[in-house]
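Peer 1: Structure: final09.json, JSON, C-alpha atoms.
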[["chain", "number", "residue", "atom", "x", "y", "z"],
["A", 280, "MET", "CA", 0.00, 0.00, 0.00],
["A", 281, "TRP", "CA", 0.96, 3.62, -0.08],
["A", 282, "GLN", "CA", 0.82, 6.45, 2.39],
["A", 283, "TYR", "CA", 0.64, 10.08, 1.35],
["A", 284, "GLU", "CA", 3.28, 12.51, 2.64],
["A", 285, "LYS", "CA", 1.90, 16.04, 2.68],
["A", 286, "LYS", "CA", 4.92, 17.66, 1.04],
["A", 287, "LEU", "CA", 6.63, 17.96, -2.33],
["A", 288, "GLN", "CA", 9.85, 16.05, -2.85],
["A", 289, "TYR", "CA", 11.44, 19.35, -3.94],
["A", 290, "PRO", "CA", 9.85, 22.79, -3.46],
["A", 291, "VAL", "CA", 7.90, 24.52, -6.23],
["A", 292, "ASN", "CA", 7.19, 28.22, -5.63],
["A", 293, "ILE", "CA", 6.59, 30.09, -8.88],
["A", 294, "LYS", "CA", 5.95, 33.82, -8.59],
["A", 295, "ASN", "CA", 5.06, 34.60, -12.22],
["A", 296, "PRO", "CA", 2.31, 32.66, -14.03],
["A", 297, "ASN", "CA", 3.16, 31.64, -17.60],
["A", 298, "PRO", "CA", 0.52, 29.59, -19.44],
["A", 299, "LYS", "CA", 2.75, 29.04, -22.47],
["A", 300, "LEU", "CA", 5.28, 27.16, -20.33],
["A", 301, "ALA", "CA", 2.49, 25.27, -18.56],
["A", 302, "GLY", "CA", 1.32, 23.95, -21.94],
["A", 303, "LEU", "CA", 4.81, 22.57, -22.58],
["A", 304, "ILE", "CA", 5.67, 21.26, -19.11],
["A", 305, "ILE", "CA", 2.34, 19.34, -18.93],
["A", 306, "SER", "CA", 4.09, 16.83, -21.22],
["A", 307, "GLN", "CA", 6.07, 15.57, -18.25],
["A", 308, "TYR", "CA", 2.73, 14.87, -16.55],
["A", 309, "GLY", "CA", 0.95, 12.89, -19.24],
["A", 310, "GLY", "CA", 3.22, 12.88, -22.30],
["A", 311, "PRO", "CA", 5.05, 9.93, -23.88],
["A", 312, "ASP", "CA", 8.03, 10.21, -21.50],
["A", 313, "GLY", "CA", 6.15, 11.76, -18.60],
["A", 314, "GLU", "CA", 5.98, 10.84, -14.95],
["A", 315, "ALA", "CA", 2.55, 9.14, -15.15],
["A", 316, "GLY", "CA", 3.86, 6.60, -17.65],
["A", 317, "ALA", "CA", 7.11, 6.20, -15.72],
["A", 318, "SER", "CA", 5.32, 5.40, -12.50],
["A", 319, "LEU", "CA", 2.88, 2.93, -14.08],
["A", 320, "ARG", "CA", 5.70, 1.27, -16.01],
["A", 321, "TYR", "CA", 7.86, 0.57, -12.96],
["A", 322, "LEU", "CA", 5.07, -0.33, -10.56],
["A", 323, "SER", "CA", 3.57, -2.71, -13.17],
["A", 324, "GLN", "CA", 6.89, -4.39, -13.97],
["A", 325, "ARG", "CA", 7.62, -5.36, -10.37],
["A", 326, "TYR", "CA", 5.62, -8.59, -10.35],
["A", 327, "SER", "CA", 7.74, -10.54, -12.82],
["A", 328, "MET", "CA", 11.06, -9.63, -11.17],
["A", 329, "PRO", "CA", 13.03, -12.64, -9.92],
["A", 330, "PHE", "CA", 15.15, -10.88, -7.25],
["A", 331, "GLY", "CA", 14.34, -8.69, -4.27],
["A", 332, "GLU", "CA", 16.84, -6.00, -5.27],
["A", 333, "LEU", "CA", 15.00, -5.52, -8.57],
["A", 334, "LYS", "CA", 11.60, -5.41, -6.84],
["A", 335, "GLY", "CA", 13.04, -2.86, -4.43],
["A", 336, "ILE", "CA", 14.42, -0.59, -7.17],
["A", 337, "LEU", "CA", 11.15, -0.67, -9.15],
["A", 338, "THR", "CA", 9.05, -0.06, -6.04],
["A", 339, "ASP", "CA", 11.14, 2.90, -4.88],
["A", 340, "VAL", "CA", 11.61, 4.50, -8.29],
["A", 341, "GLY", "CA", 7.94, 3.89, -9.23],
["A", 342, "THR", "CA", 6.89, 5.56, -5.99],
["A", 343, "GLU", "CA", 9.29, 8.45, -6.50],
["A", 344, "GLU", "CA", 7.80, 9.01, -9.97],
["A", 345, "LEU", "CA", 4.45, 9.63, -8.26],
["A", 346, "ALA", "CA", 6.17, 12.35, -6.24],
["A", 347, "HIS", "CA", 7.52, 13.77, -9.51],
["A", 348, "LEU", "CA", 4.01, 13.65, -10.97],
["A", 349, "GLU", "CA", 2.94, 15.85, -8.07],
["A", 350, "MET", "CA", 5.84, 18.28, -8.64],
["A", 351, "VAL", "CA", 5.00, 18.62, -12.33],
["A", 352, "SER", "CA", 1.34, 19.18, -11.38],
["A", 353, "ALA", "CA", 2.37, 21.88, -8.91],
["A", 354, "ILE", "CA", 4.44, 23.62, -11.62],
["A", 355, "VAL", "CA", 1.51, 23.55, -14.08],
["A", 356, "TYR", "CA", -0.96, 24.64, -11.38],
["A", 357, "GLN", "CA", 1.17, 27.59, -10.28],
["A", 358, "LEU", "CA", 1.95, 28.66, -13.87],
["A", 359, "THR", "CA", -1.78, 28.91, -14.70],
["A", 360, "ARG", "CA", -2.99, 31.05, -11.79],
["A", 361, "ASN", "CA", -5.03, 34.23, -12.30],
["A", 362, "LEU", "CA", -5.04, 34.19, -16.10],
["A", 363, "SER", "CA", -6.88, 36.80, -18.11],
["A", 364, "GLU", "CA", -8.73, 35.92, -21.34],
["A", 365, "LYS", "CA", -6.11, 37.89, -23.26],
["A", 366, "GLU", "CA", -3.23, 35.94, -21.68],
["A", 367, "ILE", "CA", -4.97, 32.66, -22.56],
["A", 368, "LEU", "CA", -5.49, 33.69, -26.19],
["A", 369, "ASP", "CA", -2.03, 35.24, -26.64],
["A", 370, "SER", "CA", -0.06, 32.39, -25.04],
["A", 371, "GLY", "CA", -1.32, 29.48, -27.10],
["A", 372, "PHE", "CA", -2.92, 27.99, -23.99],
["A", 373, "ALA", "CA", -6.46, 28.39, -25.42],
["A", 374, "PRO", "CA", -6.86, 24.82, -26.79],
["A", 375, "TYR", "CA", -5.93, 23.30, -23.40],
["A", 376, "TYR", "CA", -8.08, 25.87, -21.58],
["A", 377, "THR", "CA", -11.08, 25.02, -23.77],
["A", 378, "ASP", "CA", -10.98, 21.36, -22.74],
["A", 379, "HIS", "CA", -9.68, 21.55, -19.15],
["A", 380, "THR", "CA", -9.92, 25.19, -17.96],
["A", 381, "THR", "CA", -6.86, 25.27, -15.68],
["A", 382, "GLY", "CA", -7.36, 21.76, -14.34],
["A", 383, "VAL", "CA", -4.35, 19.43, -14.46],
["A", 384, "TYR", "CA", -4.97, 16.72, -17.07],
["A", 385, "PRO", "CA", -2.51, 14.07, -18.33],
["A", 386, "VAL", "CA", -1.71, 15.09, -21.87],
["A", 387, "ALA", "CA", 1.38, 15.60, -24.05],
["A", 388, "ALA", "CA", 2.56, 19.07, -25.10],
["A", 389, "SER", "CA", 1.37, 18.15, -28.60],
["A", 390, "GLY", "CA", -2.19, 17.60, -27.28],
["A", 391, "THR", "CA", -2.32, 13.78, -27.28],
["A", 392, "PRO", "CA", -3.94, 12.48, -24.08],
["A", 393, "PHE", "CA", -2.01, 10.08, -21.85],
["A", 394, "ASN", "CA", -1.66, 6.70, -23.50],
["A", 395, "ALA", "CA", -0.42, 3.44, -21.93],
["A", 396, "MET", "CA", 0.97, 2.49, -25.38],
["A", 397, "GLY", "CA", 3.93, 4.66, -24.38],
["A", 398, "PHE", "CA", 5.34, 2.00, -22.06],
["A", 399, "GLN", "CA", 5.65, -1.74, -21.62],
["A", 400, "SER", "CA", 5.49, -4.36, -18.95],
["A", 401, "LYS", "CA", 6.84, -7.31, -20.90],
["A", 402, "GLY", "CA", 7.09, -9.96, -18.21],
["A", 403, "ASP", "CA", 10.79, -10.49, -18.96],
["A", 404, "PRO", "CA", 13.17, -8.73, -16.55],
["A", 405, "ILE", "CA", 16.01, -8.24, -19.05],
["A", 406, "THR", "CA", 13.61, -6.68, -21.56],
["A", 407, "ASP", "CA", 11.95, -4.54, -18.90],
["A", 408, "PHE", "CA", 15.21, -3.20, -17.44],
["A", 409, "HIS", "CA", 16.43, -2.24, -20.92],
["A", 410, "GLU", "CA", 13.15, -0.36, -21.43],
["A", 411, "ASP", "CA", 13.62, 1.36, -18.07],
["A", 412, "LEU", "CA", 17.13, 2.55, -18.95],
["A", 413, "ALA", "CA", 15.80, 4.00, -22.21],
["A", 414, "ALA", "CA", 12.82, 5.59, -20.42],
["A", 415, "GLU", "CA", 15.08, 7.47, -18.01],
["A", 416, "GLN", "CA", 17.16, 8.82, -20.90],
["A", 417, "LYS", "CA", 14.04, 9.86, -22.83],
["A", 418, "ALA", "CA", 12.72, 11.73, -19.80],
["A", 419, "ARG", "CA", 16.15, 13.33, -19.26],
["A", 420, "THR", "CA", 16.15, 14.55, -22.88],
["A", 421, "THR", "CA", 12.66, 16.01, -22.41],
["A", 422, "TYR", "CA", 13.80, 17.92, -19.31],
["A", 423, "ASP", "CA", 16.85, 19.12, -21.29],
["A", 424, "ASN", "CA", 14.52, 20.35, -24.05],
["A", 425, "LEU", "CA", 12.32, 22.15, -21.50],
["A", 426, "LEU", "CA", 15.34, 23.72, -19.78],
["A", 427, "ARG", "CA", 16.42, 25.24, -23.12],
["A", 428, "LEU", "CA", 13.02, 26.97, -23.37],
["A", 429, "VAL", "CA", 12.65, 28.18, -19.77],
["A", 430, "ASP", "CA", 14.35, 31.28, -18.32],
["A", 431, "ASP", "CA", 12.46, 31.70, -15.05],
["A", 432, "PRO", "CA", 14.67, 30.34, -12.20],
["A", 433, "ASP", "CA", 11.55, 29.47, -10.16],
["A", 434, "VAL", "CA", 10.63, 26.99, -12.92],
["A", 435, "ARG", "CA", 14.16, 25.93, -13.81],
["A", 436, "GLU", "CA", 15.15, 24.80, -10.31],
["A", 437, "PRO", "CA", 12.50, 22.06, -9.91],
["A", 438, "LEU", "CA", 13.06, 21.00, -13.56],
["A", 439, "LYS", "CA", 16.81, 20.68, -12.87],
["A", 440, "PHE", "CA", 16.06, 18.54, -9.82],
["A", 441, "LEU", "CA", 13.77, 16.28, -11.89],
["A", 442, "ARG", "CA", 16.40, 16.01, -14.62],
["A", 443, "ALA", "CA", 19.04, 14.98, -12.08],
["A", 444, "ARG", "CA", 16.77, 12.26, -10.72],
["A", 445, "GLU", "CA", 16.45, 10.71, -14.20],
["A", 446, "ILE", "CA", 20.23, 10.26, -14.16],
["A", 447, "VAL", "CA", 20.23, 8.68, -10.69],
["A", 448, "HIS", "CA", 17.43, 6.31, -11.73],
["A", 449, "PHE", "CA", 19.36, 5.38, -14.89],
["A", 450, "GLN", "CA", 22.32, 4.49, -12.68],
["A", 451, "ARG", "CA", 20.20, 2.34, -10.34],
["A", 452, "PHE", "CA", 18.52, 0.55, -13.27],
["A", 453, "GLY", "CA", 21.94, -0.13, -14.77],
["A", 454, "GLU", "CA", 23.04, -1.70, -11.49],
["A", 455, "GLY", "CA", 19.81, -3.72, -11.43],
["A", 456, "LEU", "CA", 20.43, -5.05, -14.94],
["A", 457, "ARG", "CA", 24.04, -5.96, -14.09],
["A", 458, "LEU", "CA", 22.96, -7.68, -10.89],
["A", 459, "LEU", "CA", 20.37, -9.67, -12.85],
["A", 460, "GLN", "CA", 22.81, -10.73, -15.55],
["A", 461, "ASP", "CA", 25.44, -11.68, -12.97],
["A", 462, "ARG", "CA", 23.00, -14.25, -11.62],
["A", 463, "LEU", "CA", 22.17, -15.77, -15.01],
["A", 464, "ASN", "CA", 24.22, -18.06, -17.23],
["A", 465, "SER", "CA", 26.44, -15.60, -19.08],
["A", 466, "LYS", "CA", 26.40, -17.74, -22.24],
["A", 467, "ASN", "CA", 22.66, -17.76, -22.25],
["A", 468, "PHE", "CA", 21.30, -14.28, -21.39],
["A", 469, "TYR", "CA", 18.75, -14.01, -24.15],
["A", 470, "ALA", "CA", 17.91, -17.65, -24.73],
["A", 471, "PHE", "CA", 15.12, -17.77, -22.18],
["A", 472, "ASN", "CA", 12.95, -15.61, -19.95],
["A", 473, "PRO", "CA", 14.21, -16.02, -16.36],
["A", 474, "SER", "CA", 10.73, -15.20, -15.06],
["A", 475, "PHE", "CA", 8.80, -17.59, -17.28],
["A", 476, "ASP", "CA", 10.83, -20.50, -18.67],
["B", 15, "MET", "CA", 12.85, 31.43, 16.50],
["B", 16, "VAL", "CA", 14.04, 29.50, 13.47],
["B", 17, "ASN", "CA", 12.43, 30.44, 10.15],
["B", 18, "ARG", "CA", 9.73, 27.89, 9.41],
["B", 19, "TYR", "CA", 10.48, 27.68, 5.71],
["B", 20, "ASP", "CA", 14.22, 27.20, 6.34],
["B", 21, "ILE", "CA", 13.76, 24.42, 8.87],
["B", 22, "GLU", "CA", 11.22, 22.67, 6.65],
["B", 23, "ARG", "CA", 13.73, 22.80, 3.80],
["B", 24, "ARG", "CA", 16.39, 21.26, 6.06],
["B", 25, "ILE", "CA", 14.02, 18.54, 7.27],
["B", 26, "SER", "CA", 13.08, 17.84, 3.66],
["B", 27, "ALA", "CA", 16.73, 17.61, 2.64],
["B", 28, "TYR", "CA", 17.42, 14.90, 5.25],
["B", 29, "GLN", "CA", 14.25, 13.04, 4.31],
["B", 30, "PHE", "CA", 15.37, 13.10, 0.69],
["B", 31, "ALA", "CA", 18.90, 11.95, 1.56],
["B", 32, "LEU", "CA", 17.45, 9.04, 3.54],
["B", 33, "TYR", "CA", 15.19, 8.06, 0.64],
["B", 34, "ASP", "CA", 18.06, 8.29, -1.85],
["B", 35, "LEU", "CA", 20.31, 6.16, 0.38],
["B", 36, "GLY", "CA", 17.48, 3.61, 0.52],
["B", 37, "LEU", "CA", 17.33, 3.54, -3.28],
["B", 38, "PHE", "CA", 21.12, 3.06, -3.40],
["B", 39, "LEU", "CA", 20.81, 0.23, -0.88],
["B", 40, "ASP", "CA", 18.24, -1.53, -3.10],
["B", 41, "SER", "CA", 21.09, -2.36, -5.48],
["B", 42, "HIS", "CA", 23.80, -2.47, -2.74],
["B", 43, "PRO", "CA", 22.01, -4.13, 0.19],
["B", 44, "CYS", "CA", 25.29, -5.13, 1.89],
["B", 45, "ASP", "CA", 26.87, -1.65, 1.84],
["B", 46, "LYS", "CA", 27.77, -0.91, 5.48],
["B", 47, "GLU", "CA", 28.85, 2.67, 4.82],
["B", 48, "ALA", "CA", 25.45, 3.60, 3.38],
["B", 49, "MET", "CA", 23.67, 1.97, 6.32],
["B", 50, "GLU", "CA", 25.85, 3.91, 8.78],
["B", 51, "LEU", "CA", 25.14, 7.15, 6.93],
["B", 52, "ARG", "CA", 21.42, 6.39, 7.22],
["B", 53, "CYS", "CA", 21.77, 6.23, 11.03],
["B", 54, "VAL", "CA", 23.63, 9.57, 11.08],
["B", 55, "TYR", "CA", 20.97, 11.25, 8.93],
["B", 56, "GLN", "CA", 18.12, 9.72, 10.91],
["B", 57, "LYS", "CA", 19.52, 11.25, 14.11],
["B", 58, "LYS", "CA", 20.01, 14.64, 12.46],
["B", 59, "LEU", "CA", 16.48, 14.49, 11.03],
["B", 60, "GLN", "CA", 14.97, 13.70, 14.42],
["B", 61, "LYS", "CA", 16.90, 16.60, 16.00],
["B", 62, "LEU", "CA", 15.51, 19.00, 13.39],
["B", 63, "ILE", "CA", 11.95, 17.70, 13.84],
["B", 64, "ASP", "CA", 12.29, 18.20, 17.62],
["B", 65, "GLU", "CA", 13.50, 21.75, 17.01],
["B", 66, "TYR", "CA", 10.60, 22.39, 14.60],
["B", 67, "GLU", "CA", 8.04, 21.06, 17.07],
["B", 68, "GLN", "CA", 9.29, 23.33, 19.86],
["B", 69, "CYS", "CA", 8.35, 26.35, 17.72],
["B", 70, "TYR", "CA", 5.50, 25.27, 15.49],
["B", 71, "GLY", "CA", 3.75, 22.27, 17.06],
["B", 72, "LYS", "CA", 3.44, 18.76, 15.71],
["B", 73, "TYR", "CA", 5.26, 18.11, 12.43],
["B", 74, "ILE", "CA", 2.54, 16.66, 10.22],
["B", 75, "LEU", "CA", 3.88, 14.60, 7.35],
["B", 76, "THR", "CA", 1.40, 11.71, 7.12],
["B", 77, "GLN", "CA", -2.04, 11.05, 8.59],
["B", 78, "GLN", "CA", -0.32, 8.95, 11.26],
["B", 79, "ASP", "CA", 1.21, 12.13, 12.68],
["B", 80, "VAL", "CA", -2.24, 13.58, 13.45],
["B", 81, "GLN", "CA", -2.94, 13.41, 17.19],
["B", 82, "GLU", "CA", -5.59, 15.82, 18.42],
["B", 83, "SER", "CA", -7.70, 17.17, 15.60],
["B", 84, "TRP", "CA", -8.15, 16.18, 11.98],
["B", 85, "LYS", "CA", -7.90, 19.90, 11.24],
["B", 86, "GLU", "CA", -4.13, 19.35, 11.58],
["B", 87, "TRP", "CA", -4.37, 17.28, 8.39],
["B", 88, "VAL", "CA", -6.85, 19.24, 6.30],
["B", 89, "CYS", "CA", -5.38, 22.66, 7.05],
["B", 90, "ASP", "CA", -3.57, 24.66, 4.36],
["B", 91, "PRO", "CA", -1.02, 24.64, 2.94],
["B", 92, "TRP", "CA", -1.22, 21.70, 0.58],
["B", 93, "PRO", "CA", 2.02, 20.78, -1.17],
["B", 94, "TRP", "CA", 1.17, 22.59, -4.42],
["B", 95, "ASP", "CA", 0.43, 25.89, -2.65],
["B", 96, "ILE", "CA", 3.01, 28.62, -2.92],
["B", 97, "CYS", "CA", 5.27, 29.15, 0.10],
["B", 98, "LYS", "CA", 6.95, 32.52, 0.47],
["B", 99, "GLY", "CA", 10.53, 32.69, 1.68],
["B", 100, "ASP", "CA", 9.54, 34.20, 5.02],
["B", 101, "GLY", "CA", 7.63, 31.07, 5.95],
["B", 102, "ARG", "CA", 4.15, 32.43, 5.26],
["B", 103, "TYR", "CA", 2.03, 30.26, 3.03],
["B", 104, "VAL", "CA", -0.33, 31.52, 0.36],
["B", 105, "ALA", "CA", -3.19, 29.29, -0.70],
["B", 106, "ILE", "CA", -4.19, 30.29, -4.23]]
Kindly transcribe the structure held in the file into structure tokens.

Peer 2:
Amino acid sequence: MWQYEKKLQYPVNIKNPNPKLAGLIISQYGGPDGEAGASLRYLSQRYSMPFGELKGILTDVGTEELAHLEMVSAIVYQLTRNLSEKEILDSGFAPYYTDHTTGVYPVAASGTPFNAMGFQSKGDPITDFHEDLAAEQKARTTYDNLLRLVDDPDVREPLKFLRAREIVHFQRFGEGLRLLQDRLNSKNFYAFNPSFD
Amino acid sequence: MVNRYDIERRISAYQFALYDLGLFLDSHPCDKEAMELRCVYQKKLQKLIDEYEQCYGKYILTQQDVQESWKEWVCDPWPWDICKGDGRYVAI
């Protein structure tokens, strides 16, 4: 089970609303490499893991991604406060506003709603850990792309924290994959599914 | 009196360090150094929470921390509310 901690993992305090940025950063909520998909991916993959270390990594990282989901939500929420009709029309936020007002909804920056086709739970730990390594790099690239577009330090600081966590997770997943392969027959990594065959 | 925002940031930093050490230990469960560091941080965290509670009352992190009134839980701020640097919260 889970228990809610009434805090953000890293503070988000944005003084100046900016709906244009909100419409981009929402991608890390419900986009193809966003935190919703990350969390569901890792928490779903846990059940076919053969070793406790791997279950532990996926549980902790999957849980942390939920905390990141909340940080991204807080960024979007604070960037869309007190908007005038003119700001909505001038910023390009009008399509999102039409469908969701300023509610937080899982969608990509391009407008595609959250889709579970963006991740896998393949039931094979080697396959899943390779996917997880790629997922962390894809999310890191997305944060890099956002950081090139954002000047406001109030927005940059939490984005930099989230970017750094992708790198730590990549490291932990790499260790998980190595630990898994060390316990398999090295001549036979891909000949069978250690969770099924 | 310590600034509420500052002490909450320090508490949060130790909580994060403890979580991150736990994640490291998932792939290095036999690492004694990391386990020892956890003990050090746990003590420092408890000291900060004691200091916080002397000034501001019970430190509410989860529902299990609620003792007297459920208002302790439902009160503002919520995590997505803006917190100003002087420790005053602004619900928006």

Peer 1: Using all atoms listed in the file, which protein or nucleic acid residues come within 12 Å of Arg23 (chain B)? Drop anything in the same chain fewer than 5 positions from it, and give the result as a list of chain:residue names.

Peer 2: A:Lys286, A:Leu287, A:Gln288, A:Tyr289, A:Pro290, A:Val291, B:Val16, B:Asn17, B:Arg18, B:Tyr28, B:Gln29, B:Phe30, B:Leu59, B:Leu62, B:Ile63, B:Tyr66, B:Cys97, B:Gly99, B:Gly101

Peer 1: Please identify every residue of chain A that has at least one atom no more than 6 Å from any atom of chain B, counting all atoms listed in the file, and report them as an MDAnalysis selection string.

Peer 2: chainID A and resid 284:287 292 332 335:336 353

Peer 1: Just the residues within 9 Å of Gln324 (chain A), please, counting all atoms listed in the file, with nothing from its chain fewer than 3 positions along; format it as a PyMOL selection string.

Peer 2: chain A and resi 319-321+327-328+334+337+399-404+407

Peer 1: Could you please determine the separation between CA of Leu32 (chain B) and CA of Val54 (chain B) in Å, to one decimal place?

Peer 2: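 So the answer is 9.8 Å.
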
Peer 1: Calculate how many Å separate CA of Pro329 (chain A) from CA of Arg457 (chain A), rounding to one decimal.

Peer 2: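 Interatomic distance, CA of Pro329 (chain A) to CA of Arg457 (chain A): 13.5 Å.
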
Peer 1: Ranking A:Ile367, A:Ala388, A:Leu362, A:Leu425 by minimum distance to Asn295 (chain A) and counting only C-alpha atoms, which one comes first?

Peer 2: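 So, comparing all the options, the nearest one is A:Leu362.
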
Peer 1: For a quick check of your reading of the model, name the residues lying within 6 Å of the coordinate (23.7, 10.4, 3.5), counting all atoms listed in the file, and write them as a list of chain:residue names.

Peer 2: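 Those residues, ordered by chain and then number, are B:Ala31, B:Leu51, B:Arg52.
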
Peer 1: Calculate how many Å separate CA of His448 (chain A) from CA of Ala317 (chain A), rounding to one decimal.

Peer 2: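 Here the two named atoms are 11.1 Å from each other.
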